[in-house]
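Visitor: Coordinates in run_26.cif, mmCIF, C-alpha atoms and all ligand atoms, are listed below.
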```cif
data_coords
#
loop_
_atom_site.label_atom_id
_atom_site.label_comp_id
_atom_site.auth_asym_id
_atom_site.auth_seq_id
_atom_site.Cartn_x
_atom_site.Cartn_y
_atom_site.Cartn_z
CA ASN A 1 -10.29 14.16 -37.31
CA ASN A 2 -8.10 14.46 -34.26
CA ALA A 3 -8.20 10.82 -33.20
CA ILE A 4 -4.83 9.73 -31.87
CA ALA A 5 -2.99 6.55 -30.90
CA ILE A 6 -2.32 5.80 -27.25
CA ALA A 7 0.30 3.17 -26.36
CA ILE A 8 0.25 1.59 -22.91
CA ASP A 9 3.11 -0.70 -21.96
CA GLY A 10 4.47 -2.15 -18.76
CA PRO A 11 5.21 -5.35 -16.85
CA ALA A 12 2.73 -8.13 -16.06
CA ALA A 13 -0.32 -7.34 -13.94
CA ALA A 14 0.38 -3.61 -13.74
CA GLY A 15 -3.26 -2.84 -14.57
CA LYS A 16 -2.69 -1.99 -18.23
CA SER A 17 -5.81 -3.58 -19.68
CA THR A 18 -8.16 -2.31 -16.97
CA VAL A 19 -6.93 1.24 -17.43
CA ALA A 20 -6.73 0.97 -21.24
CA LYS A 21 -10.38 -0.05 -21.40
CA ILE A 22 -11.48 2.94 -19.31
CA VAL A 23 -9.42 5.34 -21.41
CA ALA A 24 -10.77 3.86 -24.66
CA GLU A 25 -14.32 4.04 -23.42
CA SER A 26 -13.99 7.67 -22.27
CA LEU A 27 -12.74 8.68 -25.72
CA SER A 28 -14.92 6.29 -27.76
CA TYR A 29 -11.71 4.78 -29.13
CA ILE A 30 -11.11 1.15 -29.94
CA TYR A 31 -9.12 -0.93 -27.47
CA ILE A 32 -6.65 -3.56 -28.63
CA ASP A 33 -5.25 -6.09 -26.17
CA THR A 34 -2.09 -7.38 -27.88
CA GLY A 35 -1.28 -9.79 -25.04
CA ALA A 36 -4.51 -11.62 -25.90
CA MET A 37 -3.10 -12.38 -29.35
CA TYR A 38 0.07 -14.00 -27.95
CA ARG A 39 -2.12 -15.87 -25.45
CA ALA A 40 -4.41 -17.09 -28.23
CA LEU A 41 -1.49 -18.52 -30.19
CA THR A 42 -0.09 -20.11 -27.01
CA LEU A 43 -3.42 -21.78 -26.26
CA LYS A 44 -3.59 -23.28 -29.73
CA ALA A 45 0.05 -24.40 -29.61
CA ILE A 46 -0.54 -26.20 -26.30
CA GLU A 47 -3.69 -27.84 -27.67
CA GLU A 48 -1.79 -29.04 -30.73
CA ASN A 49 1.18 -30.26 -28.67
CA ILE A 50 3.61 -27.97 -30.43
CA GLN A 51 6.96 -27.49 -28.70
CA LEU A 52 7.11 -23.85 -27.66
CA ASP A 53 10.79 -23.56 -28.59
CA ASP A 54 10.07 -24.74 -32.15
CA GLU A 55 9.73 -21.42 -33.94
CA ASN A 56 9.08 -22.92 -37.39
CA SER A 57 6.12 -24.93 -36.17
CA LEU A 58 4.78 -21.90 -34.34
CA ILE A 59 5.12 -19.80 -37.49
CA SER A 60 3.14 -22.26 -39.57
CA LEU A 61 0.58 -22.50 -36.78
CA LEU A 62 0.19 -18.71 -36.73
CA GLU A 63 -0.15 -18.64 -40.54
CA ARG A 64 -3.21 -20.86 -40.28
CA THR A 65 -4.66 -19.14 -37.22
CA ASP A 66 -7.21 -16.37 -37.45
CA ILE A 67 -7.30 -14.12 -34.37
CA LYS A 68 -10.04 -11.55 -33.97
CA LEU A 69 -10.63 -9.07 -31.17
CA LYS A 70 -14.27 -8.05 -30.98
CA GLN A 71 -16.00 -5.51 -28.83
CA SER A 72 -19.12 -6.92 -27.18
CA GLU A 73 -21.51 -5.61 -24.53
CA ALA A 74 -19.55 -7.57 -21.92
CA GLY A 75 -16.20 -6.21 -23.08
CA GLN A 76 -13.57 -7.43 -25.51
CA ILE A 77 -13.90 -11.02 -26.69
CA ILE A 78 -11.17 -13.03 -28.39
CA ILE A 79 -12.14 -15.25 -31.31
CA VAL A 80 -9.69 -17.82 -32.65
CA ASP A 81 -10.83 -19.57 -35.83
CA ASP A 82 -14.45 -18.73 -34.92
CA MET A 83 -14.15 -20.07 -31.35
CA ASP A 84 -14.58 -17.78 -28.36
CA VAL A 85 -11.45 -18.31 -26.22
CA THR A 86 -11.83 -15.20 -24.05
CA ALA A 87 -11.80 -17.16 -20.78
CA GLU A 88 -9.41 -19.95 -21.78
CA ILE A 89 -6.54 -17.65 -22.70
CA ARG A 90 -6.44 -16.39 -19.06
CA SER A 91 -5.73 -19.85 -17.62
CA GLN A 92 -2.65 -20.45 -15.45
CA LYS A 93 -1.27 -22.77 -18.09
CA VAL A 94 -1.43 -20.19 -20.87
CA THR A 95 -0.16 -17.43 -18.56
CA ASN A 96 2.86 -19.49 -17.56
CA HIS A 97 3.80 -20.43 -21.14
CA VAL A 98 2.99 -17.34 -23.20
CA SER A 99 6.37 -15.66 -22.75
CA TYR A 100 8.09 -18.62 -24.42
CA VAL A 101 5.92 -18.15 -27.50
CA ALA A 102 6.25 -14.36 -27.51
CA LYS A 103 10.06 -14.43 -27.57
CA HIS A 104 10.34 -15.70 -31.17
CA PRO A 105 11.28 -12.82 -33.53
CA ILE A 106 9.27 -13.96 -36.59
CA ILE A 107 6.19 -14.61 -34.48
CA ARG A 108 6.53 -11.05 -33.14
CA GLU A 109 6.95 -9.61 -36.64
CA GLU A 110 3.73 -11.21 -37.81
CA MET A 111 1.84 -10.18 -34.66
CA VAL A 112 3.05 -6.59 -35.03
CA LYS A 113 1.83 -6.51 -38.65
CA ARG A 114 -1.60 -7.71 -37.57
CA GLN A 115 -1.72 -5.24 -34.69
CA GLN A 116 -0.75 -2.33 -36.94
CA SER A 117 -3.45 -3.32 -39.44
CA PHE A 118 -6.07 -3.08 -36.65
CA ALA A 119 -5.01 0.45 -35.80
CA THR A 120 -5.18 2.35 -39.07
CA ASN A 121 -7.07 5.65 -39.18
CA LEU A 122 -8.81 5.15 -35.89
CA GLY A 123 -8.53 6.46 -32.39
CA VAL A 124 -6.90 3.55 -30.65
CA VAL A 125 -5.69 2.51 -27.22
CA MET A 126 -3.32 -0.45 -27.47
CA ASP A 127 -1.65 -2.22 -24.57
CA GLY A 128 1.25 -4.65 -24.44
CA ARG A 129 5.01 -4.72 -24.01
CA ASP A 130 6.37 -3.21 -27.24
CA ILE A 131 3.60 -0.85 -28.36
CA GLY A 132 5.45 2.42 -27.79
CA THR A 133 8.76 0.98 -29.03
CA HIS A 134 7.72 -1.13 -32.06
CA VAL A 135 4.02 -1.45 -32.85
CA LEU A 136 3.02 2.22 -32.74
CA PRO A 137 6.32 4.12 -32.55
CA ASN A 138 4.50 7.29 -33.64
CA ALA A 139 1.77 7.08 -31.00
CA GLU A 140 0.96 10.60 -29.78
CA VAL A 141 0.66 9.43 -26.18
CA LYS A 142 2.91 6.76 -24.71
CA ILE A 143 2.50 5.49 -21.16
CA PHE A 144 4.63 3.04 -19.21
CA LEU A 145 2.80 1.67 -16.17
CA ILE A 146 4.72 0.19 -13.28
CA ALA A 147 3.94 -1.01 -9.75
CA THR A 148 5.83 -3.01 -7.16
CA VAL A 149 5.65 -6.76 -7.62
CA GLU A 150 3.95 -7.05 -4.20
CA GLU A 151 1.18 -4.70 -5.31
CA ARG A 152 0.78 -6.46 -8.66
CA ALA A 153 0.53 -9.87 -6.97
CA LYS A 154 -2.00 -8.46 -4.51
CA ARG A 155 -4.17 -7.13 -7.35
CA ARG A 156 -3.99 -10.43 -9.21
CA TYR A 157 -4.88 -12.25 -5.97
CA GLU A 158 -7.96 -10.08 -5.51
CA GLU A 159 -8.96 -10.47 -9.14
CA ASN A 160 -8.71 -14.25 -8.79
CA SER A 161 -10.65 -14.38 -5.54
CA LYS A 162 -13.44 -12.32 -7.13
CA LYS A 163 -13.60 -15.01 -9.81
CA GLY A 164 -13.88 -17.52 -6.99
CA TYR A 165 -10.50 -19.14 -6.79
CA TYR A 166 -7.78 -18.99 -4.23
CA SER A 167 -4.17 -18.37 -5.20
CA ASP A 168 -0.94 -18.43 -3.27
CA MET A 169 0.55 -14.95 -2.96
CA GLU A 170 4.16 -16.15 -3.12
CA GLU A 171 3.45 -18.22 -6.21
CA LEU A 172 1.77 -15.29 -7.90
CA LYS A 173 4.78 -13.11 -7.16
CA GLN A 174 7.14 -15.68 -8.62
CA GLU A 175 5.06 -16.14 -11.77
CA ILE A 176 4.89 -12.40 -12.35
CA GLU A 177 8.63 -11.97 -11.82
CA GLN A 178 9.47 -14.92 -14.05
CA ARG A 179 7.29 -13.59 -16.89
CA ASP A 180 8.76 -10.08 -16.57
CA LEU A 181 12.26 -11.55 -16.65
CA ILE A 182 11.68 -13.49 -19.89
CA ASP A 183 9.84 -10.54 -21.48
CA SER A 184 12.61 -8.08 -20.52
CA LYS A 185 15.58 -10.26 -21.44
CA ARG A 186 14.48 -11.47 -24.88
CA GLU A 187 16.34 -10.23 -27.96
CA ALA A 188 13.30 -9.28 -30.05
CA SER A 189 11.47 -6.15 -28.91
CA PRO A 190 11.84 -6.72 -25.17
CA LEU A 191 9.71 -5.10 -22.51
CA ILE A 192 11.26 -1.67 -22.12
CA LYS A 193 10.02 1.89 -21.62
CA ALA A 194 10.11 3.91 -24.83
CA SER A 195 12.40 6.92 -24.42
CA ASP A 196 9.46 9.26 -25.02
CA ALA A 197 6.96 7.45 -22.76
CA SER A 198 5.63 8.85 -19.48
CA GLU A 199 6.11 6.47 -16.61
CA ILE A 200 3.32 6.21 -14.06
CA ASP A 201 3.92 4.31 -10.82
CA THR A 202 0.47 2.96 -10.00
CA THR A 203 1.43 1.30 -6.70
CA SER A 204 -0.54 3.72 -4.55
CA LEU A 205 -3.00 4.99 -7.17
CA SER A 206 -6.54 3.82 -7.86
CA ILE A 207 -7.53 2.58 -11.32
CA ASN A 208 -9.47 5.77 -11.85
CA GLN A 209 -6.58 7.98 -10.83
CA VAL A 210 -4.35 6.25 -13.37
CA ALA A 211 -6.98 6.61 -16.10
CA GLN A 212 -7.41 10.31 -15.28
CA ARG A 213 -3.66 10.92 -15.55
CA ILE A 214 -3.56 9.32 -18.97
CA LEU A 215 -6.65 11.23 -20.11
CA ALA A 216 -5.03 14.46 -18.92
CA GLU A 217 -2.10 13.76 -21.27
CA VAL A 218 -4.51 13.02 -24.10
CA TYR A 219 -6.48 16.24 -23.59
CA LYS A 220 -3.29 18.27 -23.87
CA ILE A 221 -3.17 17.10 -27.49
CA ILE A 222 -6.69 16.61 -28.83
O1 LIG B 301 -0.58 -8.46 -21.41
P1 LIG B 301 -0.58 -9.92 -21.08
O2 LIG B 301 -0.14 -10.21 -19.69
O3 LIG B 301 -1.86 -10.59 -21.42
O4 LIG B 301 0.51 -10.52 -22.06
C1 LIG B 301 0.84 -11.89 -22.03
C2 LIG B 301 2.25 -12.10 -22.58
O5 LIG B 301 2.28 -11.83 -23.98
C3 LIG B 301 3.35 -11.23 -21.99
O6 LIG B 301 3.86 -11.76 -20.77
C4 LIG B 301 4.39 -11.25 -23.10
O7 LIG B 301 5.16 -12.41 -23.07
C5 LIG B 301 3.52 -11.29 -24.35
N1 LIG B 301 3.33 -9.98 -24.96
C6 LIG B 301 4.34 -9.46 -25.73
N2 LIG B 301 4.16 -8.30 -26.41
C7 LIG B 301 3.00 -7.63 -26.33
C8 LIG B 301 1.96 -8.11 -25.50
C9 LIG B 301 2.17 -9.30 -24.81
O8 LIG B 301 5.40 -10.06 -25.83
N3 LIG B 301 2.83 -6.52 -27.02
#
```
Represent the structure contained in this file as structure tokens.

Guide:
Amino acid sequence: NNAIAIAIDGPAAAGKSTVAKIVAESLSYIYIDTGAMYRALTLKAIEENIQLDDENSLISLLERTDIKLKQSEAGQIIIVDDMDVTAEIRSQKVTNHVSYVAKHPIIREEMVKRQQSFATNLGVVMDGRDIGTHVLPNAEVKIFLIATVEERAKRRYEENSKKGYYSDMEELKQEIEQRDLIDSKREASPLIKASDASEIDTTSLSINQVAQRILAEVYKII
């Protein structure tokens, strides 16, 4: 059994999940979107009117929240307490609040435990902010994806317009920069490149080119 762990980290909207899915599919590995877990908790906290700076309330909320990531024909679906929240966790509101939830150290500890329990004994591709540094520090392949903020905003703009809604490019840029700032400056496992990760600047690469570069690293090992 030569299944390995692949960690993909990087700032917001750098194409991590799109690329991670392709890599997982090519290898028949499981894909785990850790950002979806923080988003799921954020959605529930907003619905229950919990103050996002109140770590104790968030901890007790997480303790009574079941989060499942399931593979379906249509891709990964996110189930919170038996409700499909796959679409809802991508809303502007959740996107703009999730970093405030994800900064709490005890919330992160619990999320990391859950993420590690999903990844035992399997070939896995996991994406997030702290996968190479904290969740899977022994991952055989670690990738750090970057792109200019202009390029990331442009990709998000196109993604949104495919879904049928218009967004303001400047606003998108600001949201992305604000989220990266909070994620990079927090005390607990901030967004940072692991010392042994390979950085790939995806600004002028296609999704497929990025996936092929990662797969090339994988095939050196397996
Ligand atoms: O990857 P995605 O953009 O869905 O992540 C949403 C947010 O969840 C990030 O901006 C970050 O605040 C948090 N996150 C994190 N650690 C991870 C994955 C996501 O703090 N491993």

Visitor: Excluding same-chain residues fewer than 5 positions from Thr202 in chain A, what lies within 10 Å of it counting all atoms listed in the file, as a ChimeraX atom specification?

Guide: /A:14-15,145-148,151-152,207,209-210

Visitor: What gap, in Å, lies between CA of Glu109 in chain A and CA of Leu43 in chain A?

Guide: 19.1 Å

Visitor: For a quick check of understanding, using all atoms listed in the file, which of A:Leu205, A:Ala102, A:Val124, A:Ile192 has the smallest distance to Ala45 in chain A?

Guide: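 Of A:Leu205, A:Ala102, A:Val124, A:Ile192, the one nearest Ala45 in chain A, counting all atoms listed in the file, is A:Ala102.
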
Visitor: For ligand LIG 301 (chain B), return the neighbouring residues as an mmCIF file with C-alpha atoms, keeping the file's coordinate frame (distance at most 6 Å; all atoms listed in the file).

Guide:
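And here's result-v3.cif as it stands now:
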```
data_model
loop_
_atom_site.group_PDB
_atom_site.id
_atom_site.type_symbol
_atom_site.label_atom_id
_atom_site.label_comp_id
_atom_site.auth_asym_id
_atom_site.auth_seq_id
_atom_site.Cartn_x
_atom_site.Cartn_y
_atom_site.Cartn_z
ATOM 1 C CA ALA A 12 2.730 -8.130 -16.060
ATOM 2 C CA THR A 34 -2.090 -7.380 -27.880
ATOM 3 C CA GLY A 35 -1.280 -9.790 -25.040
ATOM 4 C CA ALA A 36 -4.510 -11.620 -25.900
ATOM 5 C CA TYR A 38 0.070 -14.000 -27.950
ATOM 6 C CA VAL A 98 2.990 -17.340 -23.200
ATOM 7 C CA SER A 99 6.370 -15.660 -22.750
ATOM 8 C CA ALA A 102 6.250 -14.360 -27.510
ATOM 9 C CA GLY A 128 1.250 -4.650 -24.440
ATOM 10 C CA ARG A 129 5.010 -4.720 -24.010
ATOM 11 C CA ASP A 130 6.370 -3.210 -27.240
ATOM 12 C CA ILE A 131 3.600 -0.850 -28.360
ATOM 13 C CA ARG A 179 7.290 -13.590 -16.890
ATOM 14 C CA ASP A 183 9.840 -10.540 -21.480
#
```

Visitor: Record the distance separating CA of Ile222 in chain A and CA of Glu140 in chain A, expressed in Å with one decimal.

Guide: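 That distance, rounded to one decimal, is 9.8 Å.
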
Visitor: Which residue is closest to Arg39 in chain A? Choose from A:Lys142, A:Lys154, A:His97, A:Arg213 and count all atoms listed in the file.

Guide: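 Between A:Lys142, A:Lys154, A:His97, A:Arg213, the residue approaching Arg39 in chain A most closely is A:His97.
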
Visitor: What does the distance from CA of Ile59 in chain A to CA of Ile6 in chain A come to in Å, to one decimal?

Guide: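 Answer for the CA of Ile59 in chain A to CA of Ile6 in chain A separation: 28.6 Å.
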
Visitor: Of the candidates A:Val141, A:Val101, A:Gly123, A:Ile32, which shows the shortest atom-to-atom distance to Arg186 in chain A, using only C-alpha atoms?

Guide: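 Checking each candidate against Arg186 in chain A, we get A:Val101 as the closest.
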
Visitor: When distances are computed from only C-alpha atoms, which of A:Leu52, A:Ala20, A:Ala7, A:Ile89 shows the smallest separation from Asp196 in chain A?

Guide: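 Using only C-alpha atoms, Asp196 in chain A sits closest to A:Ala7.
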
Visitor: May I ask which of the residues A:Ser184, A:Val19, A:Pro105, A:Val135 is the closest one to Ser117 in chain A, counting all atoms listed in the file?

Guide: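 Ranking A:Ser184, A:Val19, A:Pro105, A:Val135 by distance to Ser117 in chain A, first place goes to A:Val135.
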
Visitor: Which one is closest to Ala211 in chain A: A:Leu181, A:Ile77, A:Ala87, A:Ile143? Count only C-alpha atoms.

Guide: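 The shortest atom-to-atom distance to Ala211 in chain A comes from A:Ile143.
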
Visitor: I want to know what sits within 9 Å of Asp82 in chain A, based on only C-alpha atoms, with residues of the same chain fewer than 4 positions away left out; could you give that as a list in words?

Guide: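 So, after excluding close chain neighbours, the residues are Asp66, Ile67 and Lys68 of chain A.
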
Visitor: Within 12 Å of Gly75 in chain A, counting all atoms listed in the file, which residues show up once you throw out same-chain ones fewer than 3 positions away? Write them as a VMD selection string, please.

Guide: chain A and resid 17 to 18 21 to 22 24 to 25 30 to 33 69 to 72 78 86

Visitor: Padding 5 Å on each side, edges along x, y and z: where is the centre of the box around the listed atoms of range 84-94 of chain A, and how long are its edges in Å to one decimal? Output it as lines of an AutoDock Vina configuration file.

Guide:
```
center_x = -7.9
center_y = -19.0
center_z = -21.9
size_x = 23.3
size_y = 17.6
size_z = 22.9
```

Visitor: Mind checking which residues fall within 9 Å of Leu215 in chain A, counting only C-alpha atoms, ignoring those fewer than 6 positions away in the same chain, and posting them as a tab-separated table (two decimals) with C-alpha atoms, in the coordinates of the input?

Guide:
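Final output, result_8.tsv:
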```tsv
chain	number	residue	atom	x	y	z
A	23	VAL	CA	-9.42	5.34	-21.41
A	26	SER	CA	-13.99	7.67	-22.27
A	27	LEU	CA	-12.74	8.68	-25.72
```
